[in-house]
file data_37.cif (mmCIF, C-alpha atoms)
data_final
loop_
_atom_site.group_PDB
_atom_site.id
_atom_site.type_symbol
_atom_site.label_atom_id
_atom_site.label_comp_id
_atom_site.auth_asym_id
_atom_site.auth_seq_id
_atom_site.Cartn_x
_atom_site.Cartn_y
_atom_site.Cartn_z
ATOM 1 C CA MET A 224 0.000 0.000 0.000
ATOM 2 C CA THR A 225 1.566 3.270 -1.081
ATOM 3 C CA VAL A 226 1.521 6.417 1.016
ATOM 4 C CA GLU A 227 -1.187 7.894 -1.213
ATOM 5 C CA GLU A 228 -3.307 4.733 -1.008
ATOM 6 C CA PHE A 229 -2.980 4.697 2.774
ATOM 7 C CA GLU A 230 -3.968 8.371 2.983
ATOM 8 C CA GLU A 231 -7.011 7.690 0.800
ATOM 9 C CA PHE A 232 -7.939 4.654 2.905
ATOM 10 C CA TYR A 233 -7.572 6.745 6.072
ATOM 11 C CA ALA A 234 -9.768 9.528 4.674
ATOM 12 C CA GLN A 235 -12.486 7.044 3.711
ATOM 13 C CA ALA A 236 -12.431 4.911 6.872
ATOM 14 C CA VAL A 237 -11.534 7.092 9.877
ATOM 15 C CA ALA A 238 -14.992 8.573 10.480
ATOM 16 C CA ARG A 239 -16.730 5.227 10.009
ATOM 17 C CA LEU A 240 -14.330 3.412 12.347
ATOM 18 C CA THR A 241 -14.544 6.176 14.952
ATOM 19 C CA GLY A 242 -18.331 5.934 14.880
ATOM 20 C CA GLN A 243 -18.208 2.176 15.252
ATOM 21 C CA LEU A 244 -15.802 2.333 18.189
ATOM 22 C CA TYR A 245 -17.916 5.081 19.760
ATOM 23 C CA VAL A 246 -20.890 2.755 19.761
ATOM 24 C CA MET A 247 -18.747 -0.107 21.111
ATOM 25 C CA THR A 248 -17.148 1.945 23.896
ATOM 26 C CA GLY A 249 -19.773 4.613 24.577
ATOM 27 C CA ASP A 250 -17.030 7.269 24.749
ATOM 28 C CA LEU A 251 -16.343 9.471 21.724
ATOM 29 C CA GLN A 252 -12.951 10.725 22.893
ATOM 30 C CA GLU A 253 -11.817 7.215 23.678
ATOM 31 C CA ALA A 254 -13.018 6.049 20.256
ATOM 32 C CA GLN A 255 -11.115 8.831 18.512
ATOM 33 C CA ASP A 256 -7.951 8.058 20.472
ATOM 34 C CA VAL A 257 -7.925 4.303 19.890
ATOM 35 C CA VAL A 258 -8.789 4.629 16.195
ATOM 36 C CA GLN A 259 -5.937 7.114 15.713
ATOM 37 C CA GLU A 260 -3.547 4.844 17.581
ATOM 38 C CA ALA A 261 -4.673 1.862 15.482
ATOM 39 C CA PHE A 262 -4.023 3.839 12.294
ATOM 40 C CA VAL A 263 -0.527 4.660 13.552
ATOM 41 C CA LYS A 264 0.093 0.942 14.091
ATOM 42 C CA ALA A 265 -1.373 0.227 10.638
ATOM 43 C CA TRP A 266 0.988 2.718 9.005
ATOM 44 C CA VAL A 267 3.976 0.610 10.026
ATOM 45 C CA ARG A 268 2.452 -2.531 8.558
ATOM 46 C CA ARG A 269 0.577 -1.034 5.592
ATOM 47 C CA GLY A 270 2.217 -3.457 3.147
ATOM 48 C CA ARG A 271 0.945 -6.470 5.078
ATOM 49 C CA LEU A 272 -2.495 -4.898 5.532
ATOM 50 C CA GLU A 273 -3.003 -4.805 1.799
ATOM 51 C CA ARG A 274 -1.957 -8.451 1.434
ATOM 52 C CA ASP A 275 -4.301 -9.505 4.253
ATOM 53 C CA GLY A 276 -7.167 -7.918 2.323
ATOM 54 C CA GLN A 277 -9.147 -6.518 5.260
ATOM 55 C CA PRO A 278 -7.337 -3.450 6.585
ATOM 56 C CA GLU A 279 -10.488 -1.919 8.062
ATOM 57 C CA ALA A 280 -11.256 -5.048 10.074
ATOM 58 C CA TRP A 281 -7.644 -5.142 11.282
ATOM 59 C CA ILE A 282 -7.776 -1.518 12.432
ATOM 60 C CA ARG A 283 -11.174 -2.028 14.108
ATOM 61 C CA THR A 284 -9.841 -5.071 15.980
ATOM 62 C CA VAL A 285 -6.675 -3.267 17.067
ATOM 63 C CA ALA A 286 -8.689 -0.222 18.168
ATOM 64 C CA TRP A 287 -11.048 -2.451 20.188
ATOM 65 C CA ARG A 288 -8.116 -4.188 21.875
ATOM 66 C CA LEU A 289 -6.541 -0.826 22.684
ATOM 67 C CA ALA A 290 -9.831 0.350 24.222
ATOM 68 C CA VAL A 291 -10.059 -2.804 26.338
ATOM 69 C CA SER A 292 -6.441 -2.414 27.455
ATOM 70 C CA ARG A 293 -7.057 1.201 28.419
ATOM 71 C CA TRP A 294 -10.211 0.244 30.304
ATOM 72 C CA ARG A 295 -8.321 -2.434 32.209
ATOM 73 C CA PHE A 296 -5.532 0.003 33.069
ATOM 74 C CA ARG A 297 -8.006 2.626 34.320
ATOM 75 C CA ARG A 298 -9.873 -0.027 36.273
ATOM 76 C CA ARG A 299 -6.695 -1.231 37.968
ATOM 77 C CA SER A 300 -5.682 2.358 38.695
ATOM 78 C CA ALA A 301 -9.101 3.161 40.146
ATOM 79 C CA ASP A 302 -9.017 0.019 42.275
ATOM 80 C CA ALA A 303 -5.574 0.935 43.579
ATOM 81 C CA TRP A 304 -6.742 4.487 44.281
ATOM 82 C CA ASP A 305 -9.825 3.201 46.112
ATOM 83 C CA ARG A 306 -7.681 0.935 48.265
ATOM 84 C CA GLY A 307 -5.529 3.908 49.208
ATOM 85 C CA SER A 308 -8.289 6.465 49.731
ATOM 86 C CA GLY A 309 -10.773 4.392 51.684
ATOM 87 C CA GLY A 310 -13.563 4.218 49.111
ATOM 88 C CA ALA A 311 -14.997 5.655 45.940
ATOM 89 C CA GLU A 312 -17.119 8.760 45.808
ATOM 90 C CA HIS A 313 -20.555 8.886 44.253
ATOM 91 C CA VAL A 314 -20.416 8.925 40.450
ATOM 92 C CA ALA A 315 -22.739 11.367 38.711
ATOM 93 C CA PRO A 316 -25.374 9.872 36.395
ATOM 94 C CA PRO A 317 -24.758 9.951 32.641
ATOM 95 C CA ASP A 318 -25.088 13.306 30.911
ATOM 96 C CA PRO A 319 -28.724 13.709 29.766
ATOM 97 C CA ASP A 320 -27.497 14.895 26.344
ATOM 98 C CA HIS A 321 -26.374 11.379 25.451
ATOM 99 C CA VAL A 322 -28.425 9.644 22.832
ATOM 100 C CA VAL A 323 -30.944 7.177 24.230
ATOM 101 C CA LEU A 324 -29.647 4.372 22.055
ATOM 102 C CA VAL A 325 -26.055 4.862 23.200
ATOM 103 C CA ASP A 326 -27.233 4.784 26.811
ATOM 104 C CA ALA A 327 -29.134 1.572 26.160
ATOM 105 C CA LEU A 328 -26.121 0.052 24.430
ATOM 106 C CA ARG A 329 -23.910 0.934 27.372
ATOM 107 C CA GLU A 330 -26.105 -1.175 29.619
ATOM 108 C CA LEU A 331 -25.456 -4.262 27.531
ATOM 109 C CA PRO A 332 -22.534 -6.559 28.273
ATOM 110 C CA ALA A 333 -19.487 -5.477 26.264
ATOM 111 C CA GLN A 334 -19.496 -8.552 24.033
ATOM 112 C CA GLN A 335 -23.179 -8.097 23.101
ATOM 113 C CA ARG A 336 -22.585 -4.403 22.391
ATOM 114 C CA ARG A 337 -19.567 -5.212 20.233
ATOM 115 C CA THR A 338 -21.411 -7.948 18.350
ATOM 116 C CA LEU A 339 -24.446 -5.725 17.675
ATOM 117 C CA THR A 340 -22.162 -2.927 16.484
ATOM 118 C CA LEU A 341 -20.233 -5.190 14.138
ATOM 119 C CA HIS A 342 -23.440 -6.663 12.730
ATOM 120 C CA TYR A 343 -25.645 -3.600 12.385
ATOM 121 C CA LEU A 344 -23.245 -0.693 12.148
ATOM 122 C CA CYS A 345 -20.352 -2.375 10.352
ATOM 123 C CA ASP A 346 -22.703 -4.595 8.314
ATOM 124 C CA LEU A 347 -20.675 -7.742 8.945
ATOM 125 C CA THR A 348 -22.123 -11.223 8.628
ATOM 126 C CA VAL A 349 -22.151 -13.655 11.528
ATOM 127 C CA GLU A 350 -19.224 -15.504 9.971
ATOM 128 C CA GLN A 351 -17.214 -12.284 9.510
ATOM 129 C CA ILE A 352 -17.853 -11.300 13.134
ATOM 130 C CA ALA A 353 -16.737 -14.749 14.277
ATOM 131 C CA GLY A 354 -13.547 -14.385 12.265
ATOM 132 C CA GLU A 355 -12.839 -10.929 13.659
ATOM 133 C CA THR A 356 -13.614 -11.720 17.303
ATOM 134 C CA GLY A 357 -12.449 -15.327 17.514
ATOM 135 C CA LEU A 358 -15.839 -16.456 18.838
ATOM 136 C CA SER A 359 -17.920 -19.260 17.349
ATOM 137 C CA THR A 360 -20.828 -18.457 15.043
ATOM 138 C CA SER A 361 -23.281 -19.894 17.560
ATOM 139 C CA THR A 362 -21.885 -17.577 20.244
ATOM 140 C CA ILE A 363 -22.240 -14.620 17.871
ATOM 141 C CA LYS A 364 -25.853 -15.585 17.149
ATOM 142 C CA THR A 365 -26.542 -15.882 20.875
ATOM 143 C CA HIS A 366 -25.066 -12.424 21.506
ATOM 144 C CA LEU A 367 -27.199 -10.977 18.699
ATOM 145 C CA VAL A 368 -30.426 -12.531 19.984
ATOM 146 C CA ARG A 369 -29.802 -11.544 23.604
ATOM 147 C CA GLY A 370 -28.584 -8.067 22.659
ATOM 148 C CA ARG A 371 -31.639 -7.361 20.497
ATOM 149 C CA ALA A 372 -33.960 -8.590 23.240
ATOM 150 C CA ALA A 373 -32.226 -6.444 25.858
ATOM 151 C CA LEU A 374 -32.353 -3.376 23.610
ATOM 152 C CA ALA A 375 -36.022 -3.950 22.842
ATOM 153 C CA HIS A 376 -36.720 -4.080 26.573
ATOM 154 C CA ARG A 377 -34.649 -0.969 27.341
ATOM 155 C CA LEU A 378 -36.007 1.075 24.430
ATOM 156 C CA ARG A 379 -39.681 0.326 24.872
ATOM 157 C CA ASP A 380 -41.934 3.359 25.248
ATOM 158 C CA PRO A 381 -43.924 3.088 28.492
ATOM 159 C CA ARG A 382 -46.569 5.459 27.109
ATOM 160 C CA ILE A 383 -47.456 2.911 24.438
ATOM 161 C CA GLU A 384 -47.766 0.105 26.956
ATOM 162 C CA GLU A 385 -49.976 2.200 29.252
ATOM 163 C CA ALA A 386 -52.426 3.120 26.507
ATOM 164 C CA PRO A 387 -55.770 1.313 26.919
ATOM 165 C CA ASP A 388 -56.831 -1.118 24.254
ATOM 166 C CA VAL A 389 -59.446 0.257 21.888
#
call {"tool": "encode", "arguments": {"input": "data_37.cif", "output": "structure tokens"}}
result
Amino acid sequence: MTVEEFEEFYAQAVARLTGQLYVMTGDLQEAQDVVQEAFVKAWVRRGRLERDGQPEAWIRTVAWRLAVSRWRFRRRSADAWDRGSGGAEHVAPPDPDHVVLVDALRELPAQQRRTLTLHYLCDLTVEQIAGETGLSTSTIKTHLVRGRAALAHRLRDPRIEEAPDV
């Protein structure tokens, strides 16, 4: 992949990948950071990315792994801080400006959220998701079914359910 081809690929994919990672992580700044870092890693191996044939999937996977690593680091740091300070303070509720769907997605287990994002936002098949995540196709299908059911429950409109039957 030449420098020009990589620049063109970056221009076409960065917004899409950032959006996908935003849905997976629920944090726009984090998504921007990990996608940029994944592109930096991709730059070094751009020749191999072209041969592998799926550079966008590679960058998405690397960005996801970076996000998980960062989450684990922050979690360990917070745990260490809590041990030293005697306890955590109350955490404010999510900002009301967040989109309802993103809030609902955040409540899902990470693997369900990732699977739903890859399927519906990235438009990957069950087999492609299995290849990218290393999970079996039956596990992917289970995550999709459970994730859709959980979202349907969380996104239901109580006003519709309270309306009397006519």
call {"tool": "atom_distance", "arguments": {"input": "data_37.cif", "atom1": "atom CA of Ile352 of chain A", "atom2": "atom CA of Glu253 of chain A"}}
result
22.1 Å
call {"tool": "residues_around", "arguments": {"input": "data_37.cif", "residues": "Leu251 of chain A", "least_positions_apart": "5", "cutoff": "9 Å", "atoms": "all atoms listed in the file", "output": "PDB file with C-alpha atoms, in the frame of the given file"}}
result
ATOM      1  CA  THR A 241     -14.544   6.176  14.952  1.00  0.00           C
ATOM      2  CA  GLY A 242     -18.331   5.934  14.880  1.00  0.00           C
ATOM      3  CA  LEU A 244     -15.802   2.333  18.189  1.00  0.00           C
ATOM      4  CA  TYR A 245     -17.916   5.081  19.760  1.00  0.00           C
ATOM      5  CA  VAL A 246     -20.890   2.755  19.761  1.00  0.00           C
ATOM      6  CA  ASP A 256      -7.951   8.058  20.472  1.00  0.00           C
TER       7      ASP A 256
END
call {"tool": "residues_around", "arguments": {"input": "data_37.cif", "residues": "Arg336 of chain A", "least_positions_apart": "4", "cutoff": "9 Å", "atoms": "all atoms listed in the file", "output": "ChimeraX atom specification"}}
result
/A:246-248,328-332,340-341,366-367,370
call {"tool": "closest_residue", "arguments": {"input": "data_37.cif", "among": "A:Arg239, A:Arg369, A:Arg283, A:Arg299", "to": "Ala265 of chain A", "atoms": "all atoms listed in the file"}}
result
A:Arg283
call {"tool": "resolve_selection", "arguments": {"input": "data_37.cif", "expression": "the PyMOL selection byres ((chain A and resi 258) around 12)", "output": "short mmCIF file (atom, residue, chain, number, x, y, z; two decimals) with C-alpha atoms, in the frame of the given file"}}
result
data_model
loop_
_atom_site.label_atom_id
_atom_site.label_comp_id
_atom_site.auth_asym_id
_atom_site.auth_seq_id
_atom_site.Cartn_x
_atom_site.Cartn_y
_atom_site.Cartn_z
CA TYR A 233 -7.57 6.74 6.07
CA ALA A 236 -12.43 4.91 6.87
CA VAL A 237 -11.53 7.09 9.88
CA ALA A 238 -14.99 8.57 10.48
CA ARG A 239 -16.73 5.23 10.01
CA LEU A 240 -14.33 3.41 12.35
CA THR A 241 -14.54 6.18 14.95
CA GLY A 242 -18.33 5.93 14.88
CA GLN A 243 -18.21 2.18 15.25
CA LEU A 244 -15.80 2.33 18.19
CA TYR A 245 -17.92 5.08 19.76
CA THR A 248 -17.15 1.94 23.90
CA LEU A 251 -16.34 9.47 21.72
CA GLN A 252 -12.95 10.72 22.89
CA GLU A 253 -11.82 7.22 23.68
CA ALA A 254 -13.02 6.05 20.26
CA GLN A 255 -11.12 8.83 18.51
CA ASP A 256 -7.95 8.06 20.47
CA VAL A 257 -7.92 4.30 19.89
CA GLN A 259 -5.94 7.11 15.71
CA GLU A 260 -3.55 4.84 17.58
CA ALA A 261 -4.67 1.86 15.48
CA PHE A 262 -4.02 3.84 12.29
CA VAL A 263 -0.53 4.66 13.55
CA LYS A 264 0.09 0.94 14.09
CA ALA A 265 -1.37 0.23 10.64
CA GLU A 279 -10.49 -1.92 8.06
CA ALA A 280 -11.26 -5.05 10.07
CA TRP A 281 -7.64 -5.14 11.28
CA ILE A 282 -7.78 -1.52 12.43
CA ARG A 283 -11.17 -2.03 14.11
CA THR A 284 -9.84 -5.07 15.98
CA VAL A 285 -6.68 -3.27 17.07
CA ALA A 286 -8.69 -0.22 18.17
CA TRP A 287 -11.05 -2.45 20.19
CA ARG A 288 -8.12 -4.19 21.88
CA LEU A 289 -6.54 -0.83 22.68
CA ALA A 290 -9.83 0.35 24.22
#
call {"tool": "atom_distance", "arguments": {"input": "data_37.cif", "atom1": "atom CA of Lys364 of chain A", "atom2": "atom CA of Gln335 of chain A"}}
result
9.9 Å
call {"tool": "residues_around", "arguments": {"input": "data_37.cif", "residues": "Glu228 of chain A", "least_positions_apart": "4", "cutoff": "10 Å", "atoms": "only C-alpha atoms", "output": "list of chain:residue names"}}
result
A:Met224, A:Phe232, A:Tyr233, A:Ala234, A:Arg269, A:Glu273
call {"tool": "closest_residue", "arguments": {"input": "data_37.cif", "among": "A:Ile363, A:Val226, A:Val368, A:Ala373", "to": "Glu350 of chain A", "atoms": "all atoms listed in the file"}}
result
A:Ile363
call {"tool": "atom_distance", "arguments": {"input": "data_37.cif", "atom1": "atom CA of Thr360 of chain A", "atom2": "atom CA of Thr348 of chain A"}}
result
9.8 Å
call {"tool": "closest_residue", "arguments": {"input": "data_37.cif", "among": "A:Ala303, A:Trp266, A:Arg379, A:Gly249", "to": "Glu230 of chain A", "atoms": "only C-alpha atoms"}}
result
A:Trp266
call {"tool": "decode", "arguments": {"input": "data_37.cif", "residues": "segment 245-374 of chain A", "atoms": "C-alpha atoms", "output": "mmCIF file, in the first residue's frame"}}
result
data_model
loop_
_atom_site.group_PDB
_atom_site.id
_atom_site.type_symbol
_atom_site.label_atom_id
_atom_site.label_comp_id
_atom_site.auth_asym_id
_atom_site.auth_seq_id
_atom_site.Cartn_x
_atom_site.Cartn_y
_atom_site.Cartn_z
ATOM 1 C CA TYR A 245 -17.916 5.081 19.760
ATOM 2 C CA VAL A 246 -20.890 2.755 19.761
ATOM 3 C CA MET A 247 -18.747 -0.107 21.111
ATOM 4 C CA THR A 248 -17.148 1.945 23.896
ATOM 5 C CA GLY A 249 -19.773 4.613 24.577
ATOM 6 C CA ASP A 250 -17.030 7.269 24.749
ATOM 7 C CA LEU A 251 -16.343 9.471 21.724
ATOM 8 C CA GLN A 252 -12.951 10.725 22.893
ATOM 9 C CA GLU A 253 -11.817 7.215 23.678
ATOM 10 C CA ALA A 254 -13.018 6.049 20.256
ATOM 11 C CA GLN A 255 -11.115 8.831 18.512
ATOM 12 C CA ASP A 256 -7.951 8.058 20.472
ATOM 13 C CA VAL A 257 -7.925 4.303 19.890
ATOM 14 C CA VAL A 258 -8.789 4.629 16.195
ATOM 15 C CA GLN A 259 -5.937 7.114 15.713
ATOM 16 C CA GLU A 260 -3.547 4.844 17.581
ATOM 17 C CA ALA A 261 -4.673 1.862 15.482
ATOM 18 C CA PHE A 262 -4.023 3.839 12.294
ATOM 19 C CA VAL A 263 -0.527 4.660 13.552
ATOM 20 C CA LYS A 264 0.093 0.942 14.091
ATOM 21 C CA ALA A 265 -1.373 0.227 10.638
ATOM 22 C CA TRP A 266 0.988 2.718 9.005
ATOM 23 C CA VAL A 267 3.976 0.610 10.026
ATOM 24 C CA ARG A 268 2.452 -2.531 8.558
ATOM 25 C CA ARG A 269 0.577 -1.034 5.592
ATOM 26 C CA GLY A 270 2.217 -3.457 3.147
ATOM 27 C CA ARG A 271 0.945 -6.470 5.078
ATOM 28 C CA LEU A 272 -2.495 -4.898 5.532
ATOM 29 C CA GLU A 273 -3.003 -4.805 1.799
ATOM 30 C CA ARG A 274 -1.957 -8.451 1.434
ATOM 31 C CA ASP A 275 -4.301 -9.505 4.253
ATOM 32 C CA GLY A 276 -7.167 -7.918 2.323
ATOM 33 C CA GLN A 277 -9.147 -6.518 5.260
ATOM 34 C CA PRO A 278 -7.337 -3.450 6.585
ATOM 35 C CA GLU A 279 -10.488 -1.919 8.062
ATOM 36 C CA ALA A 280 -11.256 -5.048 10.074
ATOM 37 C CA TRP A 281 -7.644 -5.142 11.282
ATOM 38 C CA ILE A 282 -7.776 -1.518 12.432
ATOM 39 C CA ARG A 283 -11.174 -2.028 14.108
ATOM 40 C CA THR A 284 -9.841 -5.071 15.980
ATOM 41 C CA VAL A 285 -6.675 -3.267 17.067
ATOM 42 C CA ALA A 286 -8.689 -0.222 18.168
ATOM 43 C CA TRP A 287 -11.048 -2.451 20.188
ATOM 44 C CA ARG A 288 -8.116 -4.188 21.875
ATOM 45 C CA LEU A 289 -6.541 -0.826 22.684
ATOM 46 C CA ALA A 290 -9.831 0.350 24.222
ATOM 47 C CA VAL A 291 -10.059 -2.804 26.338
ATOM 48 C CA SER A 292 -6.441 -2.414 27.455
ATOM 49 C CA ARG A 293 -7.057 1.201 28.419
ATOM 50 C CA TRP A 294 -10.211 0.244 30.304
ATOM 51 C CA ARG A 295 -8.321 -2.434 32.209
ATOM 52 C CA PHE A 296 -5.532 0.003 33.069
ATOM 53 C CA ARG A 297 -8.006 2.626 34.320
ATOM 54 C CA ARG A 298 -9.873 -0.027 36.273
ATOM 55 C CA ARG A 299 -6.695 -1.231 37.968
ATOM 56 C CA SER A 300 -5.682 2.358 38.695
ATOM 57 C CA ALA A 301 -9.101 3.161 40.146
ATOM 58 C CA ASP A 302 -9.017 0.019 42.275
ATOM 59 C CA ALA A 303 -5.574 0.935 43.579
ATOM 60 C CA TRP A 304 -6.742 4.487 44.281
ATOM 61 C CA ASP A 305 -9.825 3.201 46.112
ATOM 62 C CA ARG A 306 -7.681 0.935 48.265
ATOM 63 C CA GLY A 307 -5.529 3.908 49.208
ATOM 64 C CA SER A 308 -8.289 6.465 49.731
ATOM 65 C CA GLY A 309 -10.773 4.392 51.684
ATOM 66 C CA GLY A 310 -13.563 4.218 49.111
ATOM 67 C CA ALA A 311 -14.997 5.655 45.940
ATOM 68 C CA GLU A 312 -17.119 8.760 45.808
ATOM 69 C CA HIS A 313 -20.555 8.886 44.253
ATOM 70 C CA VAL A 314 -20.416 8.925 40.450
ATOM 71 C CA ALA A 315 -22.739 11.367 38.711
ATOM 72 C CA PRO A 316 -25.374 9.872 36.395
ATOM 73 C CA PRO A 317 -24.758 9.951 32.641
ATOM 74 C CA ASP A 318 -25.088 13.306 30.911
ATOM 75 C CA PRO A 319 -28.724 13.709 29.766
ATOM 76 C CA ASP A 320 -27.497 14.895 26.344
ATOM 77 C CA HIS A 321 -26.374 11.379 25.451
ATOM 78 C CA VAL A 322 -28.425 9.644 22.832
ATOM 79 C CA VAL A 323 -30.944 7.177 24.230
ATOM 80 C CA LEU A 324 -29.647 4.372 22.055
ATOM 81 C CA VAL A 325 -26.055 4.862 23.200
ATOM 82 C CA ASP A 326 -27.233 4.784 26.811
ATOM 83 C CA ALA A 327 -29.134 1.572 26.160
ATOM 84 C CA LEU A 328 -26.121 0.052 24.430
ATOM 85 C CA ARG A 329 -23.910 0.934 27.372
ATOM 86 C CA GLU A 330 -26.105 -1.175 29.619
ATOM 87 C CA LEU A 331 -25.456 -4.262 27.531
ATOM 88 C CA PRO A 332 -22.534 -6.559 28.273
ATOM 89 C CA ALA A 333 -19.487 -5.477 26.264
ATOM 90 C CA GLN A 334 -19.496 -8.552 24.033
ATOM 91 C CA GLN A 335 -23.179 -8.097 23.101
ATOM 92 C CA ARG A 336 -22.585 -4.403 22.391
ATOM 93 C CA ARG A 337 -19.567 -5.212 20.233
ATOM 94 C CA THR A 338 -21.411 -7.948 18.350
ATOM 95 C CA LEU A 339 -24.446 -5.725 17.675
ATOM 96 C CA THR A 340 -22.162 -2.927 16.484
ATOM 97 C CA LEU A 341 -20.233 -5.190 14.138
ATOM 98 C CA HIS A 342 -23.440 -6.663 12.730
ATOM 99 C CA TYR A 343 -25.645 -3.600 12.385
ATOM 100 C CA LEU A 344 -23.245 -0.693 12.148
ATOM 101 C CA CYS A 345 -20.352 -2.375 10.352
ATOM 102 C CA ASP A 346 -22.703 -4.595 8.314
ATOM 103 C CA LEU A 347 -20.675 -7.742 8.945
ATOM 104 C CA THR A 348 -22.123 -11.223 8.628
ATOM 105 C CA VAL A 349 -22.151 -13.655 11.528
ATOM 106 C CA GLU A 350 -19.224 -15.504 9.971
ATOM 107 C CA GLN A 351 -17.214 -12.284 9.510
ATOM 108 C CA ILE A 352 -17.853 -11.300 13.134
ATOM 109 C CA ALA A 353 -16.737 -14.749 14.277
ATOM 110 C CA GLY A 354 -13.547 -14.385 12.265
ATOM 111 C CA GLU A 355 -12.839 -10.929 13.659
ATOM 112 C CA THR A 356 -13.614 -11.720 17.303
ATOM 113 C CA GLY A 357 -12.449 -15.327 17.514
ATOM 114 C CA LEU A 358 -15.839 -16.456 18.838
ATOM 115 C CA SER A 359 -17.920 -19.260 17.349
ATOM 116 C CA THR A 360 -20.828 -18.457 15.043
ATOM 117 C CA SER A 361 -23.281 -19.894 17.560
ATOM 118 C CA THR A 362 -21.885 -17.577 20.244
ATOM 119 C CA ILE A 363 -22.240 -14.620 17.871
ATOM 120 C CA LYS A 364 -25.853 -15.585 17.149
ATOM 121 C CA THR A 365 -26.542 -15.882 20.875
ATOM 122 C CA HIS A 366 -25.066 -12.424 21.506
ATOM 123 C CA LEU A 367 -27.199 -10.977 18.699
ATOM 124 C CA VAL A 368 -30.426 -12.531 19.984
ATOM 125 C CA ARG A 369 -29.802 -11.544 23.604
ATOM 126 C CA GLY A 370 -28.584 -8.067 22.659
ATOM 127 C CA ARG A 371 -31.639 -7.361 20.497
ATOM 128 C CA ALA A 372 -33.960 -8.590 23.240
ATOM 129 C CA ALA A 373 -32.226 -6.444 25.858
ATOM 130 C CA LEU A 374 -32.353 -3.376 23.610
#
